Structure formats: C-alpha cells, structure tokens
$ cat final29.csv   # CSV, C-alpha atoms
chain,number,residue,atom,x,y,z
F,1343,MET,CA,110.1,126.8,82.0
F,1344,ASN,CA,107.1,128.7,83.3
F,1345,ALA,CA,107.3,131.1,86.3
F,1346,SER,CA,106.2,128.6,89.0
F,1347,LYS,CA,108.6,125.9,87.8
F,1348,LEU,CA,111.4,128.5,87.7
F,1349,VAL,CA,110.7,129.6,91.3
F,1350,TYR,CA,110.6,125.9,92.3
F,1351,PHE,CA,113.9,125.2,90.5
F,1352,LEU,CA,115.6,128.2,92.2
F,1353,GLN,CA,114.4,127.3,95.6
F,1354,ARG,CA,115.5,123.7,95.3
F,1355,SER,CA,118.9,124.8,93.9
F,1356,ALA,CA,119.5,127.1,96.8
F,1357,VAL,CA,118.8,124.3,99.3
F,1358,ASN,CA,121.0,121.9,97.3
F,1359,VAL,CA,124.0,124.4,97.2
F,1360,TYR,CA,123.7,125.1,100.9
F,1361,CYS,CA,123.6,121.3,101.8
F,1362,TYR,CA,126.5,120.5,99.5
F,1363,ILE,CA,128.7,123.2,101.0
F,1364,PHE,CA,127.6,122.3,104.5
F,1365,ASP,CA,128.6,118.7,103.9
F,1366,LEU,CA,132.1,119.6,102.8
F,1367,PHE,CA,132.9,120.3,106.4
F,1368,ILE,CA,131.5,117.0,107.7
F,1369,HIS,CA,134.1,114.3,108.4
F,1370,PHE,CA,133.4,111.2,110.6
F,1371,LYS,CA,135.2,108.0,110.4
F,1372,PRO,CA,133.2,104.7,110.6
F,1373,TYR,CA,133.9,102.8,113.8
F,1374,HIS,CA,131.6,99.9,113.1
F,1375,PHE,CA,131.2,97.6,110.1
F,1376,HIS,CA,128.7,94.7,109.8
F,1377,LYS,CA,130.0,92.0,107.5
F,1378,LYS,CA,127.3,91.3,105.0
F,1379,SER,CA,125.4,94.5,105.7
F,1380,LEU,CA,122.8,96.3,103.6
F,1381,LEU,CA,121.4,99.8,104.1
F,1382,LEU,CA,118.0,100.5,102.5
F,1383,MET,CA,117.1,104.1,102.2
F,1384,ARG,CA,113.4,104.9,102.1
F,1385,PHE,CA,112.4,108.3,103.3
F,1386,ASP,CA,108.8,108.5,102.3
F,1387,ALA,CA,105.9,109.3,104.5
F,1388,LEU,CA,103.4,106.6,105.5
F,1389,GLY,CA,101.5,106.0,102.3
F,1390,ASP,CA,104.5,105.4,100.0
F,1391,PHE,CA,106.2,103.3,102.7
F,1392,VAL,CA,103.1,101.0,102.9
F,1393,LEU,CA,103.5,100.4,99.2
F,1394,PHE,CA,107.2,99.7,99.7
F,1395,CYS,CA,106.6,96.9,102.2
F,1396,ASP,CA,106.1,94.3,99.5
F,1397,ALA,CA,109.5,95.1,98.0
F,1398,ALA,CA,111.0,95.1,101.5
F,1399,ARG,CA,109.8,91.5,101.9
F,1400,HIS,CA,111.8,90.5,98.8
F,1401,TYR,CA,114.9,92.4,99.9
F,1402,ARG,CA,114.8,90.4,103.2
F,1403,THR,CA,114.5,87.1,101.2
F,1404,ILE,CA,117.3,88.0,98.7
F,1405,TYR,CA,119.7,89.3,101.4
F,1406,LYS,CA,118.7,86.7,104.0
F,1407,ASP,CA,122.2,86.4,105.5
F,1408,TYR,CA,122.7,90.2,105.7
F,1409,HIS,CA,122.3,92.6,108.5
F,1410,LEU,CA,119.5,94.8,107.0
F,1411,THR,CA,119.4,98.4,108.2
F,1412,LEU,CA,116.5,100.6,107.2
F,1413,LEU,CA,116.7,104.4,107.0
F,1414,CYS,CA,113.1,105.7,107.2
F,1415,HIS,CA,110.8,108.5,108.3
F,1416,PRO,CA,110.0,108.4,112.0
F,1417,ILE,CA,106.3,107.8,111.4
F,1418,CYS,CA,107.1,104.6,109.5
F,1419,ALA,CA,109.4,103.1,112.2
F,1420,LYS,CA,106.8,101.1,114.1
F,1421,LEU,CA,105.3,99.7,110.9
F,1422,ALA,CA,108.7,98.8,109.7
F,1423,ALA,CA,109.6,97.0,113.0
F,1424,ASP,CA,106.3,95.1,112.9
F,1425,THR,CA,107.2,93.6,109.5
F,1426,GLY,CA,110.2,91.8,111.0
F,1427,TYR,CA,112.2,92.4,107.8
F,1428,PHE,CA,114.9,94.6,109.4
F,1429,ASN,CA,117.7,94.0,111.9
F,1430,GLU,CA,118.0,97.7,112.6
F,1431,ILE,CA,115.9,100.8,112.0
F,1432,LEU,CA,117.3,104.3,111.8
F,1433,THR,CA,114.8,107.2,111.7
F,1434,PHE,CA,115.3,110.1,109.4
F,1435,ASP,CA,113.3,113.3,108.7
F,1436,ARG,CA,114.3,114.5,105.2
F,1437,LYS,CA,112.9,118.0,105.6
F,1438,LYS,CA,114.7,118.6,108.9
F,1439,PHE,CA,117.9,117.1,107.3
F,1440,MET,CA,117.7,119.8,104.6
F,1441,LEU,CA,116.7,122.8,106.6
F,1442,ASN,CA,118.0,122.3,110.2
F,1443,PRO,CA,121.8,122.4,110.4
F,1444,VAL,CA,121.9,121.0,113.9
F,1445,TYR,CA,119.7,118.0,112.9
F,1446,ARG,CA,121.8,117.5,109.7
F,1447,TYR,CA,125.1,117.4,111.8
F,1448,LYS,CA,123.7,114.9,114.3
F,1449,SER,CA,122.3,112.8,111.5
F,1450,TRP,CA,125.6,112.7,109.7
F,1451,LYS,CA,127.3,111.6,112.9
F,1452,LEU,CA,124.9,108.7,113.1
F,1453,LEU,CA,124.9,107.8,109.4
F,1454,LEU,CA,128.7,107.9,109.1
F,1455,SER,CA,129.3,105.9,112.3
F,1456,GLN,CA,129.3,102.6,110.3
F,1457,SER,CA,130.0,101.4,106.8
F,1458,TYR,CA,128.2,98.8,104.7
F,1459,ASP,CA,128.7,96.2,102.0
F,1460,THR,CA,125.8,97.7,100.0
F,1461,VAL,CA,123.6,100.8,100.1
F,1462,ILE,CA,120.4,100.9,98.0
F,1463,TYR,CA,118.6,104.2,97.4
F,1464,THR,CA,115.1,102.8,96.7
F,1465,ALA,CA,113.5,106.1,95.5
F,1466,PHE,CA,112.6,106.8,91.9
F,1467,SER,CA,112.5,110.6,92.4
F,1468,HIS,CA,116.1,111.4,93.5
F,1469,GLU,CA,116.6,114.3,95.9
F,1470,PHE,CA,120.0,115.8,95.8
F,1471,ALA,CA,120.1,117.3,99.3
F,1472,THR,CA,119.1,114.1,101.0
F,1473,GLY,CA,119.4,110.7,99.3
F,1474,ALA,CA,122.0,111.7,96.7
F,1475,LEU,CA,124.4,113.4,99.2
F,1476,ILE,CA,124.0,110.4,101.6
F,1477,ILE,CA,125.0,108.1,98.7
F,1478,ALA,CA,128.0,110.3,98.2
F,1479,LYS,CA,129.2,110.3,101.8
F,1480,VAL,CA,128.2,106.9,103.3
F,1481,LYS,CA,130.9,104.3,103.2
F,1482,ALA,CA,130.0,101.2,101.1
F,1483,TYR,CA,131.5,98.9,98.5
F,1484,GLU,CA,128.4,99.1,96.3
F,1485,LYS,CA,125.9,101.9,95.9
F,1486,ILE,CA,122.8,101.0,94.0
F,1487,GLY,CA,119.7,102.9,92.7
F,1488,ALA,CA,117.3,103.5,89.8
F,1489,TYR,CA,117.6,106.3,87.4
F,1490,SER,CA,115.6,109.3,88.6
F,1491,ASP,CA,112.4,110.4,87.0
F,1492,TYR,CA,113.3,114.1,87.8
F,1493,ALA,CA,110.0,114.5,89.7
F,1494,ILE,CA,111.8,116.3,92.6
F,1495,ASP,CA,115.1,117.8,91.4
F,1496,HIS,CA,116.0,119.1,88.0
F,1497,LYS,CA,118.1,116.9,85.7
F,1498,ILE,CA,121.1,119.2,86.3
F,1499,TRP,CA,121.3,118.1,89.9
F,1500,VAL,CA,120.4,114.5,89.2
F,1501,ASN,CA,123.2,114.3,86.6
F,1502,ILE,CA,125.7,115.6,89.1
F,1503,SER,CA,124.8,112.9,91.6
F,1504,GLN,CA,124.7,109.9,89.3
F,1505,LYS,CA,128.5,109.6,89.4
F,1506,TRP,CA,128.2,108.7,93.1
F,1507,PHE,CA,126.5,105.4,92.4
F,1508,THR,CA,128.3,102.3,91.5
F,1509,ARG,CA,125.2,100.9,89.7
F,1510,LEU,CA,122.0,102.5,88.4
F,1511,HIS,CA,119.1,100.5,86.9
F,1512,SER,CA,116.7,101.7,84.2
F,1513,ILE,CA,113.0,100.9,84.9
F,1514,LYS,CA,111.4,100.8,81.5
F,1515,GLY,CA,108.0,102.4,81.3
F,1516,SER,CA,108.4,103.8,84.8
F,1517,ASP,CA,106.7,107.1,84.0
F,1518,VAL,CA,103.3,105.2,83.7
F,1519,MET,CA,104.0,102.4,86.1
F,1520,HIS,CA,102.4,101.9,89.5
F,1521,GLU,CA,104.7,102.3,92.5
F,1522,LEU,CA,104.2,98.6,93.5
F,1523,TYR,CA,105.5,97.5,90.1
F,1524,LYS,CA,108.4,100.0,90.1
F,1525,ASN,CA,109.5,98.7,93.5
F,1526,ALA,CA,109.3,95.1,92.3
F,1527,ALA,CA,111.1,96.0,89.0
F,1528,LEU,CA,114.1,97.5,90.9
F,1529,VAL,CA,114.4,94.4,93.2
F,1530,SER,CA,114.1,92.2,90.1
F,1531,GLN,CA,117.0,94.0,88.3
F,1532,ILE,CA,119.2,94.1,91.4
F,1533,ALA,CA,118.8,90.4,92.1
F,1534,ASN,CA,118.4,89.3,88.5
F,1535,ILE,CA,115.2,87.4,89.2
F,1536,GLU,CA,111.6,87.9,88.4
F,1537,ILE,CA,109.6,89.5,91.2
F,1538,ILE,CA,105.8,89.5,91.0
F,1539,PRO,CA,104.3,92.5,92.9
F,1540,SER,CA,101.4,92.0,95.3
F,1541,LEU,CA,99.6,94.0,97.9
F,1542,PRO,CA,101.8,94.2,101.0
F,1543,MET,CA,101.0,91.8,103.8
F,1544,LEU,CA,100.7,93.9,106.9
F,1545,ASN,CA,100.0,92.8,110.5
F,1546,ILE,CA,96.9,94.8,111.3
F,1547,ASN,CA,94.7,94.1,114.4
F,1548,GLU,CA,91.0,94.7,114.6
F,1549,VAL,CA,89.7,97.6,116.6
F,1550,GLY,CA,88.2,95.2,119.2
F,1551,ASP,CA,91.8,94.1,120.1
F,1552,SER,CA,92.7,97.6,121.3
F,1553,LYS,CA,91.5,99.9,124.1
F,1554,MET,CA,89.9,102.4,121.7
F,1555,ASP,CA,86.3,103.3,122.2
F,1556,MET,CA,84.8,103.1,118.7
F,1557,PRO,CA,81.3,102.8,117.3
F,1558,ASP,CA,80.1,99.3,116.3
F,1559,LYS,CA,79.6,100.4,112.7
F,1560,TYR,CA,81.4,103.3,111.1
F,1561,TYR,CA,83.2,104.5,108.0
F,1562,VAL,CA,86.4,106.6,107.9
F,1563,ILE,CA,86.9,110.0,106.3
F,1564,PHE,CA,90.5,110.7,105.5
F,1565,PRO,CA,90.5,114.4,104.4
F,1566,GLY,CA,94.2,115.2,104.7
F,1567,ALA,CA,96.7,115.5,101.9
F,1568,ARG,CA,100.5,116.2,101.9
F,1569,VAL,CA,99.7,119.7,100.5
F,1570,GLY,CA,96.5,121.7,100.4
F,1571,ILE,CA,96.2,121.7,96.6
F,1572,ARG,CA,95.5,118.0,96.7
F,1573,ALA,CA,92.8,118.1,99.3
F,1574,TRP,CA,89.1,117.8,98.4
F,1575,ALA,CA,87.1,120.7,100.0
F,1576,ALA,CA,85.7,120.3,103.6
F,1577,ALA,CA,82.3,121.3,102.3
F,1578,ASN,CA,82.3,118.4,99.9
F,1579,TYR,CA,83.1,115.9,102.7
F,1580,ALA,CA,80.4,117.5,104.9
F,1581,LYS,CA,77.8,117.0,102.2
F,1582,LEU,CA,78.9,113.5,101.4
F,1583,SER,CA,78.8,112.6,105.1
F,1584,GLU,CA,75.2,113.7,105.2
F,1585,TYR,CA,74.3,111.5,102.3
F,1586,ILE,CA,75.9,108.5,104.0
F,1587,TYR,CA,74.3,109.1,107.3
F,1588,GLU,CA,70.9,109.7,105.8
F,1589,HIS,CA,71.0,106.3,104.0
F,1590,THR,CA,72.9,104.1,106.4
F,1591,GLN,CA,73.0,105.8,109.9
F,1592,LEU,CA,76.8,105.0,109.9
F,1593,VAL,CA,78.9,107.1,112.1
F,1594,GLY,CA,81.8,109.0,110.3
F,1595,VAL,CA,85.2,108.8,111.9
F,1596,ILE,CA,87.7,111.4,110.7
F,1597,CYS,CA,91.3,110.2,110.8
F,1598,GLY,CA,94.6,111.8,110.2
F,1599,SER,CA,97.3,113.8,111.9
F,1600,THR,CA,97.0,116.9,114.0
F,1601,SER,CA,97.8,118.9,110.9
F,1602,GLU,CA,94.3,118.0,109.6
F,1603,LYS,CA,92.6,119.6,112.6
F,1604,ASP,CA,91.3,122.6,110.6
F,1605,ILE,CA,89.7,120.7,107.8
F,1606,SER,CA,88.3,118.2,110.3
F,1607,ASP,CA,86.7,120.9,112.3
F,1608,ALA,CA,85.3,122.5,109.1
F,1609,ILE,CA,83.7,119.1,108.1
F,1610,ILE,CA,82.1,118.6,111.4
F,1611,SER,CA,80.8,122.2,111.7
F,1612,GLN,CA,79.2,122.1,108.2
F,1613,SER,CA,77.7,118.6,108.4
F,1614,LYS,CA,74.5,117.4,110.1
F,1615,ALA,CA,75.7,113.8,110.2
F,1616,LYS,CA,77.2,112.1,113.3
F,1617,ILE,CA,81.0,112.4,113.1
F,1618,ILE,CA,83.8,111.6,115.5
F,1619,ASN,CA,87.1,113.5,115.2
F,1620,MET,CA,90.1,111.1,115.7
F,1621,CYS,CA,92.7,113.3,114.0
F,1622,GLY,CA,96.0,113.2,116.0
F,1623,LYS,CA,94.5,110.7,118.5
F,1624,THR,CA,95.9,107.5,117.0
F,1625,ASP,CA,99.4,106.2,116.5
F,1626,VAL,CA,100.1,104.3,113.2
F,1627,PRO,CA,99.1,100.8,114.5
F,1628,GLU,CA,95.9,102.2,116.0
F,1629,LEU,CA,95.1,104.1,112.8
F,1630,MET,CA,95.6,100.9,110.8
F,1631,SER,CA,93.2,99.1,113.2
F,1632,VAL,CA,90.6,101.8,112.8
F,1633,ILE,CA,90.8,101.5,109.0
F,1634,LYS,CA,90.7,97.7,109.1
F,1635,SER,CA,87.5,97.6,111.1
F,1636,ALA,CA,85.7,100.3,109.1
F,1637,LYS,CA,82.9,99.5,106.6
F,1638,LEU,CA,84.4,102.0,104.1
F,1639,LEU,CA,87.1,104.7,103.8
F,1640,VAL,CA,86.7,107.9,101.7
F,1641,GLY,CA,89.7,110.1,101.2
F,1642,ASN,CA,92.3,111.8,99.0
F,1643,GLU,CA,95.2,110.0,97.5
F,1644,THR,CA,97.2,109.6,100.6
F,1645,SER,CA,98.1,106.9,103.2
F,1646,GLY,CA,94.6,106.1,104.2
F,1647,VAL,CA,93.6,104.5,100.9
F,1648,HIS,CA,96.8,102.4,100.7
F,1649,ILE,CA,96.3,101.1,104.3
F,1650,ALA,CA,92.7,100.3,103.4
F,1651,ALA,CA,93.8,98.3,100.4
F,1652,CYS,CA,96.2,96.2,102.5
F,1653,ALA,CA,93.6,95.9,105.3
F,1654,GLY,CA,90.8,94.6,103.0
F,1655,THR,CA,88.7,97.7,103.6
F,1656,PRO,CA,86.8,99.1,100.6
F,1657,SER,CA,87.8,102.7,99.8
F,1658,VAL,CA,86.9,105.5,97.5
F,1659,CYS,CA,89.7,107.8,96.5
F,1660,ILE,CA,89.2,111.4,95.2
F,1661,LEU,CA,92.0,111.6,92.7
F,1662,GLY,CA,93.9,114.4,90.9
F,1663,GLY,CA,96.2,114.2,88.0
F,1664,GLY,CA,99.6,115.1,89.5
F,1665,HIS,CA,100.7,111.5,90.0
F,1666,PHE,CA,97.9,109.7,88.0
F,1667,ASN,CA,98.7,106.0,87.7
F,1668,ARG,CA,101.8,106.1,89.9
F,1669,PHE,CA,99.9,105.4,93.2
F,1670,VAL,CA,96.2,105.3,92.1
F,1671,PRO,CA,94.5,103.8,90.2
F,1672,TYR,CA,95.9,100.4,91.3
F,1673,PRO,CA,96.6,97.8,88.6
F,1674,THR,CA,93.8,95.2,88.3
F,1675,ASP,CA,96.2,92.3,87.8
F,1676,LEU,CA,97.9,92.6,91.3
F,1677,GLN,CA,98.4,89.4,93.3
F,1678,GLY,CA,96.5,89.1,96.5
F,1679,ASN,CA,93.1,90.4,97.7
F,1680,THR,CA,92.4,92.9,94.9
F,1681,ILE,CA,88.7,93.2,96.0
F,1682,SER,CA,89.8,96.0,98.3
F,1683,ILE,CA,91.9,98.1,95.9
F,1684,PRO,CA,90.7,101.8,96.0
F,1685,THR,CA,88.0,102.9,93.6
F,1686,PRO,CA,89.3,106.2,92.1
F,1687,VAL,CA,86.9,109.1,91.3
F,1688,TYR,CA,88.4,111.8,89.1
F,1689,GLU,CA,87.8,114.2,86.3
F,1690,HIS,CA,90.4,113.7,83.6
F,1691,MET,CA,92.1,116.8,82.3
F,1692,PRO,CA,94.7,117.3,79.4
F,1693,CYS,CA,97.4,118.4,81.9
F,1694,TYR,CA,97.4,115.1,83.9
F,1695,GLY,CA,100.9,113.9,84.8
F,1696,CYS,CA,102.2,117.4,86.0
F,1697,ASN,CA,103.9,116.1,89.2
F,1698,TRP,CA,101.6,118.6,91.0
F,1699,ASN,CA,103.4,121.5,89.3
F,1700,CYS,CA,100.0,122.9,88.4
F,1701,ILE,CA,99.8,125.1,85.3
F,1702,TYR,CA,96.9,127.1,86.8
F,1703,GLN,CA,97.5,130.1,89.2
F,1704,ILE,CA,96.2,128.9,92.6
F,1705,SER,CA,97.1,129.4,96.2
F,1706,LYS,CA,98.9,126.7,98.2
F,1707,SER,CA,95.7,126.1,100.3
F,1708,THR,CA,93.3,125.9,97.3
F,1709,PRO,CA,92.5,122.6,95.6
F,1710,VAL,CA,93.8,122.3,92.0
F,1711,PRO,CA,91.2,122.3,89.3
F,1712,CYS,CA,91.4,118.5,88.8
F,1713,ILE,CA,90.5,118.0,92.4
F,1714,SER,CA,87.9,120.7,92.8
F,1715,ALA,CA,86.2,119.4,89.6
F,1716,VAL,CA,85.3,116.1,91.3
F,1717,SER,CA,81.6,116.5,92.3
F,1718,VAL,CA,80.0,115.2,95.5
F,1719,ASP,CA,77.4,113.3,93.4
F,1720,LYS,CA,80.1,111.5,91.5
F,1721,VAL,CA,81.8,110.4,94.8
F,1722,TRP,CA,78.5,109.5,96.3
F,1723,HIS,CA,77.7,107.3,93.3
F,1724,ALA,CA,81.0,105.4,93.9
F,1725,VAL,CA,80.3,105.1,97.6
F,1726,GLN,CA,76.9,103.6,97.2
F,1727,LYS,CA,78.1,100.3,95.8
F,1728,TYR,CA,79.8,99.6,99.1
F,1729,LEU,CA,76.8,100.6,101.2
$ encode --input "final29.csv" --output "structure tokens"
Amino acid sequence: MNASKLVYFLQRSAVNVYCYIFDLFIHFKPYHFHKKSLLLMRFDALGDFVLFCDAARHYRTIYKDYHLTLLCHPICAKLAADTGYFNEILTFDRKKFMLNPVYRYKSWKLLLSQSYDTVIYTAFSHEFATGALIIAKVKAYEKIGAYSDYAIDHKIWVNISQKWFTRLHSIKGSDVMHELYKNAALVSQIANIEIIPSLPMLNINEVGDSKMDMPDKYYVIFPGARVGIRAWAAANYAKLSEYIYEHTQLVGVICGSTSEKDISDAIISQSKAKIINMCGKTDVPELMSVIKSAKLLVGNETSGVHIAACAGTPSVCILGGGHFNRFVPYPTDLQGNTISIPTPVYEHMPCYGCNWNCIYQISKSTPVPCISAVSVDKVWHAVQKYL
C-alpha cells in the first residue's frame, strides 16, 4: 500500500469507527410500516443517478404493487419525482451524514421511523459509514445488494458489513462493465429475469418551453468535476472556445454549480470567444433543458455528458483513466438513440483503472497526468465532426 492509499485508508477508517460508535447510541422504534414496501438506496450525485434511472424503471415494473421509497441525494429529488417511478422520495446527503452529528441524528430519526419488506442498496462501491450502516439498522425482512468492488472502502470494512445483508449478488465482469449494464445486471439477478439496458428515458423540455433567456444557437461547456484532479484546465477550454467561435460563431454557455465559478471565470477571462456564464443559475430541470437545446456539449466525465446522452445532444468528453469504461466510453450496443452517446477523448496510460488513487504526486487542484495529457487539438478534432 503506497503512502497516498495508506493515508486514504486511515482517514476512511477513522470516519467509519466514529460513525459506528455514534450509531450504537441511536435507538428509534418504527411507528409506520407499508405492507409491500421497498426502500431503494441511491446516494450518488446527478450523473450517476441519471444512469440509474433506467434500472429504476425496471424496479417500478417488477415491484408494481409495492410502495417504492427512494433515498437519494437532494440534487436528484426533482429528477426522481419527474420519472413517476416512486411513491415517496427521501433526501439524503451522504457527506453530511458522515461528518455532521446533528444531521446524522436527524436522518436516523427519519430513516428508522418506518420499516420495510425489502431494502436494496443499489451501489456497487459500498460505503461503510453510510449505506452499510443503514443496512445494519433499518428494519426490513430482506436486505439486498451486490458484492462491493472495494472502490470506496477497504475490504476489511466491506467484509464486516456483508453479514448485515440477507442476500448479496455477484455481478460477473463488473470491474470492466459500464454502469448501465451493472445496474441492469443487479435488477436481473434480484428478479431472476433478463433485463436489457438502455439509455434512460427522461422527460426533458426544450429551452423555448422555459423563461430562460438563451441564445438561438449555442453549445455548452461543462468544466466542473467532482474533484479538481479530474478537471481539464481552464486555459484548454478557453482555447477550444476560440476555435469553435472562429469557425461557427456559436455562443458558449458554461453550465454547472456555483462551485465551478472559479474555473468558469478563468475560462471567460482567458478566451476571446463569446461566452455566457450560467453556473449556479439553473436548477436541474433547467440545466437539462439547456443541454437538450444545445448544438453540442463539451465537458469532463460528469453529469453533463450523461444528461446529453439522454437528451439526444452530441457531446465530447475529456476522459481520464480513474473509472475508464465504468461510465465512459459508453457501450455501442445500447438500446435506444445511441447516436448521442458521448465521444470520449483520452490519452491511454498503463495506470488506467486506478479509481482516481493516482500514483503520481499531485495537488488536489491539479489535473492528473491522464487528464492534462489530453490536448486541445485532439478535443477540437472530435468537436469538428459535430459542427
């Protein structure tokens, strides 16, 4: 175990021990029980949840007579409600649940207020302090999941938590399988039927159906990433925007959350192209509408490219090796409108598949070598076929 992995293991272990001891003092008795009830646990941020929506459709069909409750990240709640698959949606911030004792206590009070027939932990990377401990404490007759790939917590912690499940499924080849296929494989094993994965069918309006004042023709820049090491440099996006504007006169629209303000400001200050900054100015339905009506999206491997795929908008994804094949590239044999699946641009390195535990010494705000190695010219070449 190298130094960075050891530090990560010790930090995760400290949080896990704290949460486990904290939960020993939590006791609430359920006061409500839905007959034929199912709790689906999916804590991911927006991009992963978009990919989960196809599996959610199948869960709704299989458990058609059940009261379906979804436990999800707050940012995904509106999207989840719009699918119509769930009878009840509970919001859950996994980071606050781990690190904020007041939030953890209040969350337990809500989670333990009812019991269920079945609970399904739909993640393939188990997290001890959140999903695993919820499986341990929530009252249910059956507790189902897939064996963890150890991408978050060390196998020591995963092995401790496996005894809390009543049923665990092994997804063969999951280490090189796209998330859409993994989600479908878990549903298939739970229901003992064959599920064919497809691009999620999302209800996305055109920009013209909203009150947003947008250019007639534009493309979207999606420069954010969950962590800085996965983000292509602002200078690269600035140069690319100049190429696009010079050849097409298309306006660039930067989308993302308020946390992307710094990189968005940097792109605009370094570019001579016409660019509008929409970071933090759209909710999720508005963001999806902006992407649907765009001529093209260019961004890192994050929610933007997955929304674009479902919306039918061409996209170019600057891709690193941390989760290569798990989210992007997309499989070419997917059902549905595969014309819009993201075009990946990457520089392959021997260390691909590291789960973003980079072997190189870098700061948390510096792109990893497999991201910084992707040239502007290579991305521009991929963009041109859509322009």
$ closest_residue --input "final29.csv" --among "F:Cys1621, F:Leu1541, F:Gly1515, F:Tyr1585" --to "Pro1684 (chain F)" --atoms "all atoms listed in the file"
F:Leu1541
$ residues_around --input "final29.csv" --residues "Ile1494 (chain F)" --least-positions-apart "2" --cutoff "9 Å" --atoms "only C-alpha atoms" --output "list in words"
Arg1354, Ser1467, His1468, Glu1469, Phe1470, Ser1490, Asp1491, Tyr1492, His1496 and Asn1697 of chain F
$ write_last_selection --input "final29.csv" --atoms "C-alpha atoms" --output "compact mmCIF listing (two decimals), in the coordinates of the input"
# COMPACT_ATOMS: atom_id res chain seq x y z
CA ARG F 1354 115.50 123.70 95.30
CA SER F 1467 112.50 110.60 92.40
CA HIS F 1468 116.10 111.40 93.50
CA GLU F 1469 116.60 114.30 95.90
CA PHE F 1470 120.00 115.80 95.80
CA SER F 1490 115.60 109.30 88.60
CA ASP F 1491 112.40 110.40 87.00
CA TYR F 1492 113.30 114.10 87.80
CA HIS F 1496 116.00 119.10 88.00
CA ASN F 1697 103.90 116.10 89.20
$ residues_around --input "final29.csv" --residues "Ile1532 (chain F)" --least-positions-apart "4" --cutoff "9 Å" --atoms "all atoms listed in the file" --output "count of residues only"
5
$ atom_distance --input "final29.csv" --atom1 "CA of Lys1481 (chain F)" --atom2 "CA of Leu1382 (chain F)"
13.5 Å
$ closest_residue --input "final29.csv" --among "F:Val1461, F:Ala1577, F:Ala1387, F:Val1562" --to "Asn1619 (chain F)" --atoms "all atoms listed in the file"
F:Val1562
$ residues_around --input "final29.csv" --residues "Ile1535 (chain F)" --least-positions-apart "5" --cutoff "12 Å" --atoms "all atoms listed in the file" --output "ChimeraX atom specification"
/F:1400-1401,1404,1526-1530
